[in-house]
Each structure stands twice: as structure tokens, then as C-alpha cells.
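K.L.:
Pasting a structure here, questions to come.
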Amino acid sequence: MVFAILYLRFLDKKERENRQRIEKFLEDYLASKSSRFAYADIKRITDQFKNKLGQGACGTVFKGKLSNDILVAVKILNNISKGNGEEFINEVATMGRIHHVNVVRLVGYCADGFRRALVYEYLPNDSLEKYLSRGSSGNEKHSLSWETLQDIAIGIAKGIQYLHQGCEKRILHFDIKPHNILLDQNFVPKISDFGLAKLCSKDQSIVSMTTARGTMGYIAPEVFSRNFGDVSYKSDVYSFGMLLLEMVGGRKNFIKKEENSHEFYHPQWIYNLLEEGEDLRINIEEEGVAKIAKKLAIVGLWCIQWHPVSRPTMKAVVQMLEGGGELTFPPNPFTSTGPSKTNNKMPIRRMTLELEAIVE
């Protein structure tokens with residue numbers, strides 16, 4: 001009799017555990033699909049917008065909770081932000097096609113009257129930008145090891161490669177920068193913010209654009225002017241190269257000096273040091289770590305070649321980053337030499353063209 005009672009209790013406990021497991025699965029399954037939320041749901045998820053994570057030009061981000069186990073980041077889009085409708089459609093349409101470990105997951109969205117919001121998976125370690133400020137702020141507690149930086153670089157490269165080749169349609173991001181690289185609890189990088197993205201077929205080598213798009217300092221030359229080449233997926237490669245060089249230097253690539261003095265352009269400084277066989281003059285004590293920094297710098301310099309045809313594909317970039325051999329030193333990316341011409345060499349100091357760029 002006692003055995004029967006114990007057995008029934010065991011079955012009851014087992015059944016409760018099974019129900020809980022199924023409920024947890026259904027919660028996670030719901031969270032894995034892009035759901036449409038009402039604005040009332042958004043207020044409930046964010047606990048009346050209680051925990052603000054950050055604010056940018058396009059909106060404000062709040063921490064939220066779908067369940068006890070599922071945290072989210074909710075981006076409330078500004079009603080007055082220019083091109084808000086197009087960016088919202090871009091984000092939802094693009095991210096609905098994406099399933100990759102190195103791309104942030106869109107959990108859901110809200111389009112309730114004039115109110116719009118995007119709900120993403122919550123990534124606790126903020127953006128990569130936070131960890132690249134050590135050169136200017138001296139705040140060492142946010143610094144990352146060179147091994148971690150290399151893993152992050154490879155993850156971002158694989159994410160971009162997936163966007164270019166792994167989806168049904170090729171996705172061009174057009175705003176690759178540290179601010180748009182989010183980090184999970186294990187510092188796995190996730191590409192975010194697809195508001196400027198464009199979709200095209202994989203066999204389409206040239207993309208038509210009516211206006212330039214992107215963030216100053218990361219925009220490829222051909223996006224400024226077609227005189228430098230056609231806009232294509234190689235424009236993302238350029239932006240990634242600028243991001244890599246920023247990772248190497250731990251600082252913004254452009255550093256403003258005093259008024260009436262020249263700006264310090266960090267990528268050109270890195271190239272000059274490597275070309276002369278000198279070290280990178282950054283805080284490196286171990287030989288293995290120095291090799292990582294040099295590899296990231298050389299790959300970055302290949303990616304920012306002035307003409308798109310001279311830049312590698314993201315597949316080749318991943319191979320260079322993961323490989324253990326010596327890399328070929330790149331041509332000088334700060335001298336414009338046409339692929340089919342030999343006498344139009346000119347030094348490049350900085351972009352002086354005016355355009356409307358996205359500000360952070």
C-alpha cells in the first residue's frame with residue numbers, strides 16, 4: 001500500500017515536471033517567432049518603461065520581460081525620426097529572414113497607430129563600442145583580451161558572410177560599426193540594427209541607391225561617389241575593415257585635434273607602422289597576442305582597399321581570420337589607383353564630400 005502511494009506521488013511529480021517542461025517549451029517557441037504586440041503589451045513587457053537601457057537618434061531602448069526566463073530589449077521608435085516608416089519596415093522584413101548565431105534575433109514588433117516598437121532578444125554585455133573606449137577614457141574595466149577580440153571579429157565576419165551568402169536573398173547591412181554589434185553573456189557578437197539594410201538577389205553585383213546611407217567613418221568611398229566604384233556587398237566589407245582597425249587601436253579611427261590642426265587618422269598610422277616593420281605601439285606583452293593584433297590589422301587594411309574590386313569577400317575574410325599562416329601584406333589603401341589605370345595615383349587624406357549620414 002505504501003509502495004503504491006509513493007508510486008502515485010512519483011507519477012504526479014513526473015506529470016507536473018512534464019507540464020512545466022511543455023509550458024517552458026511553448027514560451028520559448030513563442031519567443032522564437034516574430035510576434036505582433038499591441039502597445040498595451042509593450043507597456044506591460046517593459047513595466048511601464050521602467051528600465052531604460054539607452055537612447056539614440058531613432059529611439060529609446062528599454063529592458064523588458066516576456067516571462068521569468070525570457071528578457072528582451074524593446075526599442076521605442078521616435079515618431080518624428082526621419083524615414084521612420086521605411087526603417088521600421090526594413091527591420092521587420094529583413095530580420096524575419098535571418099536565423100544565425102551572430103545576428104540579433106527579432107522577437108516581435110508593435111505597430112499600433114502611430115506607435116512603433118521593435119522587440120529583440122536581450123544581450124547583457126551591451127555593444128562592442130563600450131569596450132573600444134579604453135584608449136580615450138582609460139577605463140580598463142571594460143577592456144577585452146586579444147583572444148576575445150579575435151573571437152568577436154570572427155563572429156562578426158561570419159554574421160556578415162551569412163547576410164551576403166546564407167540567406168535566400170543577399171542582405172546588405174550598410175551600417176556595420178561597433179555601436180551595432182551587441183554582445184551576449186559569453187561575448188558572442190550579434191549584428192543589430194537593420195534599418196538601412198537593402199535586399200537584392202545573390203547574382204546582383206551592383207546595388208542602386210538614390211542617397212548615401214551609413215555612419216561617417218565607416219562608409220565606403222563608392223557610397224559617397226560612384227566615381228570610386230559601384231555600390232555592392234563590398235561596401236559592408238569596407239565598414240567591417242574600419243571596425244577591425246578600431247578594435248586594434250581601441251579608439252575611434254578619426255581623432256580630432258585642437259582647432260586649426262590636422263586630424264589624426266588611425267588606420268593610416270597603423271599601415272605606416274606595419275609597412276616599416278615596426279610594432280603597433282599598443283599594450284602587448286606576449287608574442288602570441290601581438291600576432292593576433294597584427295592579423296586583425298592586416299585583414300582590416302585589406303578590407304578598406306579604396307576600390308571595391310580590391311577588397312576580399314567576407315568568406316575570404318573569415319578564412320584569413322581563422323587561418324594560422326602568414327598573411328600577404330596589402331597594398332596601400334590610402335592611395336587611389338584605378339584597377340585598370342597606372343597614372344592616376346593620388347594620396348587620400350579624408351572624405352570631404354558632404355552627405356546626410358546617420359548619427360548615433
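Chain lettering (A, B, ...) mirrors the order of the C-alpha cells, residue numbering begins at 1 for each chain separately, and ligand numbering begins at 1 in order of display.
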Just list the residues in range 65-142 of chain A DSSP gives helix (DSSP H, G or I) on the backbone, as a ChimeraX atom specification.

P.N.:
/A:84-95,128-131,134-137,140-142

K.L.:
Output C-alpha atoms for every residue in that selection, as a short mmCIF file (atom, residue, chain, number, x, y, z; two decimals), in the first residue's frame.

P.N.:
data_model
loop_
_atom_site.label_atom_id
_atom_site.label_comp_id
_atom_site.auth_asym_id
_atom_site.auth_seq_id
_atom_site.Cartn_x
_atom_site.Cartn_y
_atom_site.Cartn_z
CA ASN A 84 10.93 56.09 -39.51
CA GLY A 85 8.35 54.15 -41.50
CA GLU A 86 10.88 52.87 -44.03
CA GLU A 87 13.37 51.85 -41.36
CA PHE A 88 10.66 50.01 -39.39
CA ILE A 89 9.57 48.04 -42.47
CA ASN A 90 13.22 47.34 -43.35
CA GLU A 91 13.96 45.99 -39.89
CA VAL A 92 10.92 43.70 -39.66
CA ALA A 93 11.11 42.46 -43.26
CA THR A 94 14.85 41.83 -43.15
CA MET A 95 15.14 40.21 -39.74
CA LEU A 128 31.17 46.45 -28.73
CA GLU A 129 31.56 50.23 -28.69
CA LYS A 130 31.61 50.15 -24.88
CA TYR A 131 34.78 48.02 -24.94
CA ARG A 134 39.72 52.31 -23.31
CA GLY A 135 42.15 54.30 -25.44
CA SER A 136 40.38 57.58 -24.79
CA SER A 137 38.72 57.03 -21.44
CA GLU A 140 40.32 49.41 -18.12
CA LYS A 141 37.43 47.55 -16.50
CA HIS A 142 35.69 47.43 -19.90
#

K.L.:
Select, from A:Arg226, A:Lys190, A:Lys13, A:His100, the residue with the minimum atom-to-atom distance to Val207 in chain A, counting only C-alpha atoms.

P.N.:
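For Val207 in chain A, the nearest of the given residues is A:Arg226.
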
K.L.:
Can you pull out the residues contacting range 162-178 of chain A? Cut-off 7 Å, using only C-alpha atoms, and skip same-chain residues under 5 positions away; I want them as a PyMOL selection string.

P.N.:
chain A and resi 127-129+194+196-202+213-215+218+233+236+239-240+243

K.L.:
Could you check which of A:Leu274, A:Leu118, A:Glu147, A:Ser310 is closest to Lys294 in chain A, using only C-alpha atoms?

P.N.:
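For Lys294 in chain A, the nearest of the candidates is A:Leu274.
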
K.L.:
Could you pull out the strand (DSSP E or B) residues of range 71-196 of chain A, going by DSSP on the backbone, and write them as a PDB file with C-alpha atoms, in the first residue's frame?

P.N.:
ATOM      1  CA  LEU A  71      14.371  39.010 -21.133  1.00  0.00           C
ATOM      2  CA  VAL A  72      14.058  41.360 -24.085  1.00  0.00           C
ATOM      3  CA  ALA A  73      15.211  44.783 -25.238  1.00  0.00           C
ATOM      4  CA  VAL A  74      12.384  46.970 -26.519  1.00  0.00           C
ATOM      5  CA  LYS A  75      13.235  49.809 -28.894  1.00  0.00           C
ATOM      6  CA  ILE A  76      10.542  52.508 -28.959  1.00  0.00           C
ATOM      7  CA  LEU A  77      10.935  54.341 -32.261  1.00  0.00           C
ATOM      8  CA  VAL A 103      22.750  38.151 -35.822  1.00  0.00           C
ATOM      9  CA  LEU A 106      13.871  39.926 -33.542  1.00  0.00           C
ATOM     10  CA  VAL A 107      11.332  38.590 -31.057  1.00  0.00           C
ATOM     11  CA  GLY A 108       8.466  40.817 -32.157  1.00  0.00           C
ATOM     12  CA  TYR A 109       7.247  44.252 -33.123  1.00  0.00           C
ATOM     13  CA  CYS A 110       4.497  46.768 -32.440  1.00  0.00           C
ATOM     14  CA  ALA A 111       2.678  48.896 -34.987  1.00  0.00           C
ATOM     15  CA  ASP A 112      -0.234  50.313 -33.029  1.00  0.00           C
ATOM     16  CA  ARG A 115       3.315  53.968 -32.073  1.00  0.00           C
ATOM     17  CA  ARG A 116       6.047  51.638 -33.326  1.00  0.00           C
ATOM     18  CA  ALA A 117       8.421  49.402 -31.402  1.00  0.00           C
ATOM     19  CA  LEU A 118      10.854  46.568 -32.051  1.00  0.00           C
ATOM     20  CA  VAL A 119      11.397  43.758 -29.535  1.00  0.00           C
ATOM     21  CA  TYR A 120      14.773  41.995 -29.572  1.00  0.00           C
ATOM     22  CA  GLU A 121      16.480  39.316 -27.527  1.00  0.00           C
ATOM     23  CA  SER A 127      27.588  46.926 -27.555  1.00  0.00           C
ATOM     24  CA  ARG A 170      21.539  38.812 -50.209  1.00  0.00           C
ATOM     25  CA  ILE A 171      21.241  41.313 -47.364  1.00  0.00           C
ATOM     26  CA  LEU A 172      23.474  44.394 -47.366  1.00  0.00           C
ATOM     27  CA  ILE A 181      27.476  44.908 -32.596  1.00  0.00           C
ATOM     28  CA  LEU A 182      25.827  43.587 -29.420  1.00  0.00           C
ATOM     29  CA  LEU A 183      27.415  41.039 -27.073  1.00  0.00           C
ATOM     30  CA  PRO A 189      28.761  39.111 -31.114  1.00  0.00           C
ATOM     31  CA  LYS A 190      25.368  39.775 -32.711  1.00  0.00           C
ATOM     32  CA  ILE A 191      24.865  42.161 -35.622  1.00  0.00           C
TER      33      ILE A 191
END

K.L.:
Tell me which protein, DNA and RNA residues are within 12 Å of Asn102 in chain A, counting only C-alpha atoms, leaving out same-chain ones fewer than 3 positions away, and put them as a ChimeraX atom specification.

P.N.:
/A:98-99,105,123,151-163,180-184,187-192

K.L.:
Atoms to include: N, CA and C atoms. Write the selected residues as a PDB file, in the first residue's frame.

P.N.:
ATOM      1  N   ILE A  98      16.221  36.087 -41.147  1.00  0.00           N
ATOM      2  CA  ILE A  98      17.549  35.812 -40.618  1.00  0.00           C
ATOM      3  C   ILE A  98      17.498  34.878 -39.420  1.00  0.00           C
ATOM      4  N   HIS A  99      18.332  33.842 -39.456  1.00  0.00           N
ATOM      5  CA  HIS A  99      18.466  32.919 -38.324  1.00  0.00           C
ATOM      6  C   HIS A  99      19.929  32.524 -38.237  1.00  0.00           C
ATOM      7  N   ARG A 105      18.328  38.435 -32.678  1.00  0.00           N
ATOM      8  CA  ARG A 105      17.021  37.872 -33.026  1.00  0.00           C
ATOM      9  C   ARG A 105      15.909  38.869 -32.732  1.00  0.00           C
ATOM     10  N   LEU A 123      20.609  41.268 -24.723  1.00  0.00           N
ATOM     11  CA  LEU A 123      22.027  40.896 -24.688  1.00  0.00           C
ATOM     12  C   LEU A 123      22.712  41.702 -23.590  1.00  0.00           C
ATOM     13  N   ASP A 151      37.936  36.420 -31.350  1.00  0.00           N
ATOM     14  CA  ASP A 151      36.706  35.636 -31.455  1.00  0.00           C
ATOM     15  C   ASP A 151      35.535  36.518 -31.885  1.00  0.00           C
ATOM     16  N   ILE A 152      35.479  37.732 -31.348  1.00  0.00           N
ATOM     17  CA  ILE A 152      34.408  38.665 -31.718  1.00  0.00           C
ATOM     18  C   ILE A 152      34.520  39.039 -33.190  1.00  0.00           C
ATOM     19  N   ALA A 153      35.744  39.310 -33.648  1.00  0.00           N
ATOM     20  CA  ALA A 153      35.961  39.666 -35.057  1.00  0.00           C
ATOM     21  C   ALA A 153      35.519  38.532 -35.974  1.00  0.00           C
ATOM     22  N   ILE A 154      35.870  37.291 -35.623  1.00  0.00           N
ATOM     23  CA  ILE A 154      35.474  36.137 -36.444  1.00  0.00           C
ATOM     24  C   ILE A 154      33.957  35.989 -36.451  1.00  0.00           C
ATOM     25  N   GLY A 155      33.321  36.174 -35.288  1.00  0.00           N
ATOM     26  CA  GLY A 155      31.864  36.062 -35.210  1.00  0.00           C
ATOM     27  C   GLY A 155      31.159  37.093 -36.067  1.00  0.00           C
ATOM     28  N   ILE A 156      31.632  38.341 -36.016  1.00  0.00           N
ATOM     29  CA  ILE A 156      31.031  39.400 -36.844  1.00  0.00           C
ATOM     30  C   ILE A 156      31.205  39.058 -38.322  1.00  0.00           C
ATOM     31  N   ALA A 157      32.410  38.622 -38.684  1.00  0.00           N
ATOM     32  CA  ALA A 157      32.688  38.268 -40.083  1.00  0.00           C
ATOM     33  C   ALA A 157      31.760  37.152 -40.557  1.00  0.00           C
ATOM     34  N   LYS A 158      31.550  36.144 -39.712  1.00  0.00           N
ATOM     35  CA  LYS A 158      30.650  35.051 -40.091  1.00  0.00           C
ATOM     36  C   LYS A 158      29.210  35.535 -40.216  1.00  0.00           C
ATOM     37  N   GLY A 159      28.826  36.475 -39.356  1.00  0.00           N
ATOM     38  CA  GLY A 159      27.479  37.041 -39.451  1.00  0.00           C
ATOM     39  C   GLY A 159      27.269  37.782 -40.752  1.00  0.00           C
ATOM     40  N   ILE A 160      28.251  38.600 -41.151  1.00  0.00           N
ATOM     41  CA  ILE A 160      28.147  39.338 -42.413  1.00  0.00           C
ATOM     42  C   ILE A 160      28.190  38.382 -43.601  1.00  0.00           C
ATOM     43  N   GLN A 161      29.052  37.360 -43.515  1.00  0.00           N
ATOM     44  CA  GLN A 161      29.095  36.353 -44.586  1.00  0.00           C
ATOM     45  C   GLN A 161      27.730  35.693 -44.757  1.00  0.00           C
ATOM     46  N   TYR A 162      27.068  35.396 -43.658  1.00  0.00           N
ATOM     47  CA  TYR A 162      25.728  34.801 -43.717  1.00  0.00           C
ATOM     48  C   TYR A 162      24.749  35.758 -44.398  1.00  0.00           C
ATOM     49  N   LEU A 163      24.808  37.038 -44.046  1.00  0.00           N
ATOM     50  CA  LEU A 163      23.908  38.020 -44.664  1.00  0.00           C
ATOM     51  C   LEU A 163      24.129  38.089 -46.173  1.00  0.00           C
ATOM     52  N   ASN A 180      26.613  48.921 -33.388  1.00  0.00           N
ATOM     53  CA  ASN A 180      25.597  47.974 -33.862  1.00  0.00           C
ATOM     54  C   ASN A 180      26.018  46.511 -33.697  1.00  0.00           C
ATOM     55  N   ILE A 181      27.065  46.270 -32.933  1.00  0.00           N
ATOM     56  CA  ILE A 181      27.476  44.908 -32.596  1.00  0.00           C
ATOM     57  C   ILE A 181      27.193  44.696 -31.109  1.00  0.00           C
ATOM     58  N   LEU A 182      26.206  43.853 -30.806  1.00  0.00           N
ATOM     59  CA  LEU A 182      25.827  43.587 -29.420  1.00  0.00           C
ATOM     60  C   LEU A 182      26.476  42.282 -28.950  1.00  0.00           C
ATOM     61  N   LEU A 183      26.689  42.181 -27.638  1.00  0.00           N
ATOM     62  CA  LEU A 183      27.415  41.039 -27.073  1.00  0.00           C
ATOM     63  C   LEU A 183      26.554  40.315 -26.046  1.00  0.00           C
ATOM     64  N   ASP A 184      26.468  38.980 -26.173  1.00  0.00           N
ATOM     65  CA  ASP A 184      25.668  38.221 -25.216  1.00  0.00           C
ATOM     66  C   ASP A 184      26.481  37.926 -23.949  1.00  0.00           C
ATOM     67  N   PHE A 187      29.961  36.937 -24.583  1.00  0.00           N
ATOM     68  CA  PHE A 187      30.641  37.843 -25.518  1.00  0.00           C
ATOM     69  C   PHE A 187      30.607  37.334 -26.961  1.00  0.00           C
ATOM     70  N   VAL A 188      29.570  36.568 -27.273  1.00  0.00           N
ATOM     71  CA  VAL A 188      29.321  36.208 -28.672  1.00  0.00           C
ATOM     72  C   VAL A 188      28.694  37.420 -29.353  1.00  0.00           C
ATOM     73  N   PRO A 189      29.274  37.893 -30.474  1.00  0.00           N
ATOM     74  CA  PRO A 189      28.761  39.111 -31.114  1.00  0.00           C
ATOM     75  C   PRO A 189      27.502  38.854 -31.936  1.00  0.00           C
ATOM     76  N   LYS A 190      26.608  39.848 -31.933  1.00  0.00           N
ATOM     77  CA  LYS A 190      25.368  39.775 -32.711  1.00  0.00           C
ATOM     78  C   LYS A 190      25.203  41.090 -33.476  1.00  0.00           C
ATOM     79  N   ILE A 191      25.080  40.977 -34.796  1.00  0.00           N
ATOM     80  CA  ILE A 191      24.865  42.161 -35.622  1.00  0.00           C
ATOM     81  C   ILE A 191      23.431  42.643 -35.431  1.00  0.00           C
ATOM     82  N   SER A 192      23.264  43.951 -35.222  1.00  0.00           N
ATOM     83  CA  SER A 192      21.927  44.509 -34.986  1.00  0.00           C
ATOM     84  C   SER A 192      21.687  45.713 -35.886  1.00  0.00           C
TER      85      SER A 192
END

K.L.:
Which of these residues is nearest to Ser143 in chain A, using only C-alpha atoms: A:Met247, A:Ile42, A:Gly241, A:Trp306?

P.N.:
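So, comparing all the options, the nearest one is A:Met247.
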
K.L.:
Report, in Å to a single decimal, how far apart CA of Gln204 in chain A and CA of Pro330 in chain A are.

P.N.:
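Answer for the CA of Pro330 in chain A to CA of Gln204 in chain A separation: 27.1 Å.
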
K.L.:
What does the distance between CA of Glu322 in chain A and CA of Thr148 in chain A come to in Å, to one decimal place?

P.N.:
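About the pair CA of Glu322 in chain A and CA of Thr148 in chain A: they are 13.3 Å apart.
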